[in-house]
Protein chains: 2
Amino acid sequence: ALASGNEKPQSPQKRASYRPPQHKVSDNDIYIRSYFFPSEESFSALINFIGAAKSSLDICVFNITDNDVTRAIADAKHRGVEVRIITDDEQLKCQGNDVERMRDQYGIPFKTDTDTSKFMHSKFAIIDRRAVWSGSYNWTVSARRSNNESAICTNDPNTAQSYSDEFEKLWSQF
Amino acid sequence: ALASGNEKPQSPQKRASYRPPQHKVSDNDIYIRSYFFPSEESFSALINFIGAAKSSLDICVFNITDNDVTRAIADAKHRGVEVRIITDDEQLKCQGNDVERMRDQYGIPFKTDTDTSKFMHSKFAIIDRRAVWSGSYNWTVSARRSNNESAICTNDPNTAQSYSDEFEKLWSQF
Ligand SMILES: [Zn+2]
Ligand SMILES: [Zn+2]
């Protein structure tokens, strides 16, 4: 079985009796984790995921209106991470959407689908082309506080590669 | 890395030169696969996933309107699989929604959230409490033919357990 992992290495407890995590990490430290909403714990996991980006953050999400998420994305940009956003054309015009503001204030480029009869409905992100967040969860306050949502986070290399390929395909296409 | 797997065992090619699949399956045949839409190939993977259910099929999807998916679910029920559906209360009333029809015609029980201000917005399914489909993909014709969507399918035991626990939690709660 795949073991649970952490985006950031855990600091050992400051006790002599520190023991390593019970779930042994399998080959190449591959993890796959499940998150459910509403849950501030799951939300923190998303913020930590974004916060772990070192070189690139590729976001492909239908709707982004949650200011706390926007702040985490802006922080990534500020520390030198190359951020790109793909989102839905109609959602862009909805109240509270932060994507145009992120371009104007932080210089984060974005693209949208260009067909009002279709949705760019995915909700995934890739950090450093090595780990993926993917699920039903839009980056909105209602998704965080009210909705039943689910997401998977994994650093499985094949999955990271597949999602990176999909992102590049859409980025070229739009 | 995790290797690609298949829900159904592949039949060997009928040639003397048959060689086993190149992707070696890792410990306990664990796989994690990515699917993107629109794609009839990805859609076939969903139908095959439903078709592989032997004992239970637990569905937790915002909106189900695609008759081909409904047929696959009905087929599962016919072959003796215990099928349960959790869906969204408002979506239930939308045109083309198949969930009430599945209860009336096939005896498939369903539950919904009971808060019109919230969405049961997840889109996942679990077969035999051992494999999970999870993503942005609603089981609708527009998601299949028009939208950009993504989903992950895995038989990782911890993931299957987490999703099964979430399903039971919602089934009790609603
Ligand atoms: Zn659109
Ligand atoms: Zn509702």
# chains A, B, ... in the order shown; residues from 1 in each chain; ligands from 1

call {"tool": "closest_atom_pairs", "arguments": {"of": "chain A", "to": "ligand 2", "cutoff": "12 Å", "atoms": "only C-alpha atoms and all ligand atoms", "output": "CSV"}}
result
residue,atom,partner,partner_atom_place_in_ligand_line,distance
A:Ser142,CA,ligand 2,1 (Zn),11.6
A:Ala143,CA,ligand 2,1 (Zn),11.9
A:Ser146,CA,ligand 2,1 (Zn),9.3
A:Asn147,CA,ligand 2,1 (Zn),8.0
A:Asn148,CA,ligand 2,1 (Zn),9.3

call {"tool": "write_last_selection", "arguments": {"atoms": "N, CA and C atoms", "output": "JSON list (two decimals), in the first residue's frame"}}
result
[["chain", "number", "residue", "atom", "x", "y", "z"],
["A", 142, "SER", "N", -17.65, 28.91, -0.81],
["A", 142, "SER", "CA", -18.76, 27.98, -0.60],
["A", 142, "SER", "C", -18.27, 26.53, -0.66],
["A", 143, "ALA", "N", -17.32, 26.25, -1.56],
["A", 143, "ALA", "CA", -16.79, 24.89, -1.63],
["A", 143, "ALA", "C", -16.08, 24.53, -0.33],
["A", 146, "SER", "N", -19.28, 25.10, 2.77],
["A", 146, "SER", "CA", -20.64, 24.55, 2.69],
["A", 146, "SER", "C", -20.72, 23.22, 1.96],
["A", 147, "ASN", "N", -20.04, 23.11, 0.85],
["A", 147, "ASN", "CA", -20.28, 21.96, -0.03],
["A", 147, "ASN", "C", -19.63, 20.68, 0.47],
["A", 148, "ASN", "N", -20.21, 19.55, 0.05],
["A", 148, "ASN", "CA", -19.51, 18.28, 0.15],
["A", 148, "ASN", "C", -18.63, 18.15, -1.08]]

call {"tool": "residues_around", "arguments": {"residues": "Asp156 of chain A", "least_positions_apart": "6", "cutoff": "9 Å", "atoms": "only C-alpha atoms", "output": "list in words"}}
result
Asp29, Ile30, Tyr31, Ile32, Arg130, Ala131 and Val132 of chain A; Ala1, Leu2 and Ile32 of chain B

call {"tool": "closest_residue", "arguments": {"among": "A:Glu40, A:Asp115, A:Glu90, A:Asp75", "to": "chain B", "atoms": "only C-alpha atoms"}}
result
A:Asp115

call {"tool": "interface_residues", "arguments": {"of": "chain B", "to": "chain A", "cutoff": "8 Å", "atoms": "only C-alpha atoms", "output": "MDAnalysis selection string"}}
result
chainID B and resid 1:2 27:28 30 32:34 36 118:124 134:137 142 146:152 156:159 162:163 166

call {"tool": "residues_around", "arguments": {"residues": "Asn67 of chain A", "least_positions_apart": "5", "cutoff": "12 Å", "atoms": "only C-alpha atoms", "output": "PyMOL selection string"}}
result
chain A and resi 47+72-74+96-99+101-102+139-141+144

call {"tool": "select_by_dssp", "arguments": {"residues": "segment 23-152 of chain A", "states": "strand (DSSP E)", "output": "ChimeraX atom specification"}}
result
/A:32-37,56-61,82-87,110-112,123-127,131-135,149-152

call {"tool": "atom_distance", "arguments": {"atom1": "atom CA of Lys93 of chain A", "atom2": "atom CA of Gly80 of chain A"}}
result
28.1 Å

call {"tool": "residues_around", "arguments": {"residues": "Phe167 of chain A", "least_positions_apart": "2", "cutoff": "9 Å", "atoms": "only C-alpha atoms", "output": "list in words"}}
result
Asp58, Ile59, Cys60, Ile86, Ala125, Ile126, Ser162, Tyr163, Ser164, Asp165, Lys169, Leu170, Trp171 and Ser172 of chain A

call {"tool": "write_last_selection", "arguments": {"atoms": "all heavy atoms", "output": "compact mmCIF listing (two decimals), in the first residue's frame"}}
result
# COMPACT_ATOMS: atom_id res chain seq x y z
N ASP A 58 1.06 25.24 -11.64
CA ASP A 58 0.15 25.26 -12.79
C ASP A 58 -1.25 24.93 -12.29
O ASP A 58 -1.51 23.83 -11.81
CB ASP A 58 0.62 24.24 -13.84
CG ASP A 58 1.93 24.67 -14.49
OD1 ASP A 58 2.09 25.88 -14.77
OD2 ASP A 58 2.79 23.80 -14.72
N ILE A 59 -2.14 25.92 -12.43
CA ILE A 59 -3.48 25.82 -11.85
C ILE A 59 -4.50 25.73 -12.97
O ILE A 59 -4.48 26.53 -13.90
CB ILE A 59 -3.77 27.06 -10.98
CG1 ILE A 59 -2.80 27.12 -9.80
CG2 ILE A 59 -5.22 27.07 -10.52
CD1 ILE A 59 -2.77 28.49 -9.10
N CYS A 60 -5.40 24.76 -12.87
CA CYS A 60 -6.43 24.57 -13.89
C CYS A 60 -7.74 24.36 -13.13
O CYS A 60 -8.13 23.23 -12.83
CB CYS A 60 -6.05 23.36 -14.74
SG CYS A 60 -7.09 23.08 -16.18
N ILE A 86 -5.25 28.40 -15.71
CA ILE A 86 -6.27 28.16 -16.74
C ILE A 86 -7.61 28.10 -16.01
O ILE A 86 -7.74 27.42 -14.99
CB ILE A 86 -6.02 26.83 -17.49
CG1 ILE A 86 -4.71 26.89 -18.28
CG2 ILE A 86 -7.18 26.52 -18.43
CD1 ILE A 86 -4.31 25.54 -18.91
N ALA A 125 -4.32 21.21 -9.74
CA ALA A 125 -3.11 22.02 -9.74
C ALA A 125 -1.92 21.08 -9.66
O ALA A 125 -2.01 19.97 -9.14
CB ALA A 125 -3.11 22.99 -8.57
N ILE A 126 -0.81 21.55 -10.23
CA ILE A 126 0.43 20.77 -10.24
C ILE A 126 1.54 21.67 -9.70
O ILE A 126 1.68 22.80 -10.14
CB ILE A 126 0.83 20.35 -11.67
CG1 ILE A 126 -0.35 19.77 -12.44
CG2 ILE A 126 2.01 19.37 -11.64
CD1 ILE A 126 -0.30 20.04 -13.93
N SER A 162 1.08 12.97 -16.43
CA SER A 162 -0.18 13.04 -17.20
C SER A 162 -0.86 14.39 -17.02
O SER A 162 -1.34 14.99 -17.99
CB SER A 162 -1.15 11.94 -16.75
OG SER A 162 -0.63 10.67 -17.04
N TYR A 163 -0.92 14.86 -15.78
CA TYR A 163 -1.56 16.15 -15.51
C TYR A 163 -0.75 17.30 -16.11
O TYR A 163 -1.32 18.27 -16.63
CB TYR A 163 -1.79 16.34 -14.01
CG TYR A 163 -3.11 15.75 -13.54
CD1 TYR A 163 -3.23 14.39 -13.29
CD2 TYR A 163 -4.23 16.56 -13.37
CE1 TYR A 163 -4.44 13.85 -12.88
CE2 TYR A 163 -5.45 16.02 -12.96
CZ TYR A 163 -5.55 14.68 -12.71
OH TYR A 163 -6.75 14.14 -12.31
N SER A 164 0.59 17.21 -16.06
CA SER A 164 1.42 18.25 -16.67
C SER A 164 1.19 18.29 -18.18
O SER A 164 1.08 19.37 -18.78
CB SER A 164 2.90 17.99 -16.38
OG SER A 164 3.16 18.14 -15.00
N ASP A 165 1.11 17.11 -18.79
CA ASP A 165 0.85 17.05 -20.24
C ASP A 165 -0.50 17.68 -20.56
O ASP A 165 -0.63 18.42 -21.54
CB ASP A 165 0.86 15.59 -20.72
CG ASP A 165 2.25 14.98 -20.69
OD1 ASP A 165 3.24 15.72 -20.51
OD2 ASP A 165 2.36 13.75 -20.84
N LYS A 169 -1.17 20.96 -22.85
CA LYS A 169 -2.06 20.84 -24.02
C LYS A 169 -3.09 21.96 -24.00
O LYS A 169 -3.31 22.64 -25.01
CB LYS A 169 -2.77 19.46 -24.00
CG LYS A 169 -3.40 19.06 -25.31
CD LYS A 169 -4.33 17.86 -25.15
CE LYS A 169 -5.71 18.30 -24.72
NZ LYS A 169 -6.68 17.20 -24.57
N LEU A 170 -3.72 22.17 -22.83
CA LEU A 170 -4.74 23.22 -22.72
C LEU A 170 -4.11 24.61 -22.85
O LEU A 170 -4.68 25.49 -23.47
CB LEU A 170 -5.50 23.09 -21.40
CG LEU A 170 -6.32 21.81 -21.22
CD1 LEU A 170 -7.00 21.82 -19.85
CD2 LEU A 170 -7.37 21.65 -22.32
N TRP A 171 -2.93 24.78 -22.27
CA TRP A 171 -2.26 26.09 -22.33
C TRP A 171 -1.95 26.47 -23.79
O TRP A 171 -2.08 27.63 -24.18
CB TRP A 171 -0.99 26.07 -21.47
CG TRP A 171 -0.36 27.42 -21.30
CD1 TRP A 171 0.71 27.93 -21.98
CD2 TRP A 171 -0.76 28.45 -20.38
NE1 TRP A 171 0.99 29.19 -21.54
CE2 TRP A 171 0.10 29.54 -20.57
CE3 TRP A 171 -1.78 28.54 -19.42
CZ2 TRP A 171 0.00 30.73 -19.83
CZ3 TRP A 171 -1.89 29.72 -18.68
CH2 TRP A 171 -1.02 30.79 -18.89
N SER A 172 -1.54 25.48 -24.59
CA SER A 172 -1.27 25.73 -26.01
C SER A 172 -2.57 25.99 -26.78
O SER A 172 -2.62 26.82 -27.68
CB SER A 172 -0.58 24.53 -26.66
OG SER A 172 0.55 24.17 -25.94

call {"tool": "closest_residue", "arguments": {"among": "B:Thr65, B:Ser42, B:Gln173, B:Thr70", "to": "Thr114 of chain B", "atoms": "only C-alpha atoms"}}
result
B:Gln173

call {"tool": "closest_residue", "arguments": {"among": "A:Arg129, A:Val69, A:Thr112, A:Glu168", "to": "ligand 1", "atoms": "only C-alpha atoms and all ligand atoms"}}
result
A:Thr112

call {"tool": "closest_residue", "arguments": {"among": "A:Gln105, A:Gln91, A:Leu46, A:Glu100", "to": "ligand 1", "atoms": "only C-alpha atoms and all ligand atoms"}}
result
A:Gln91
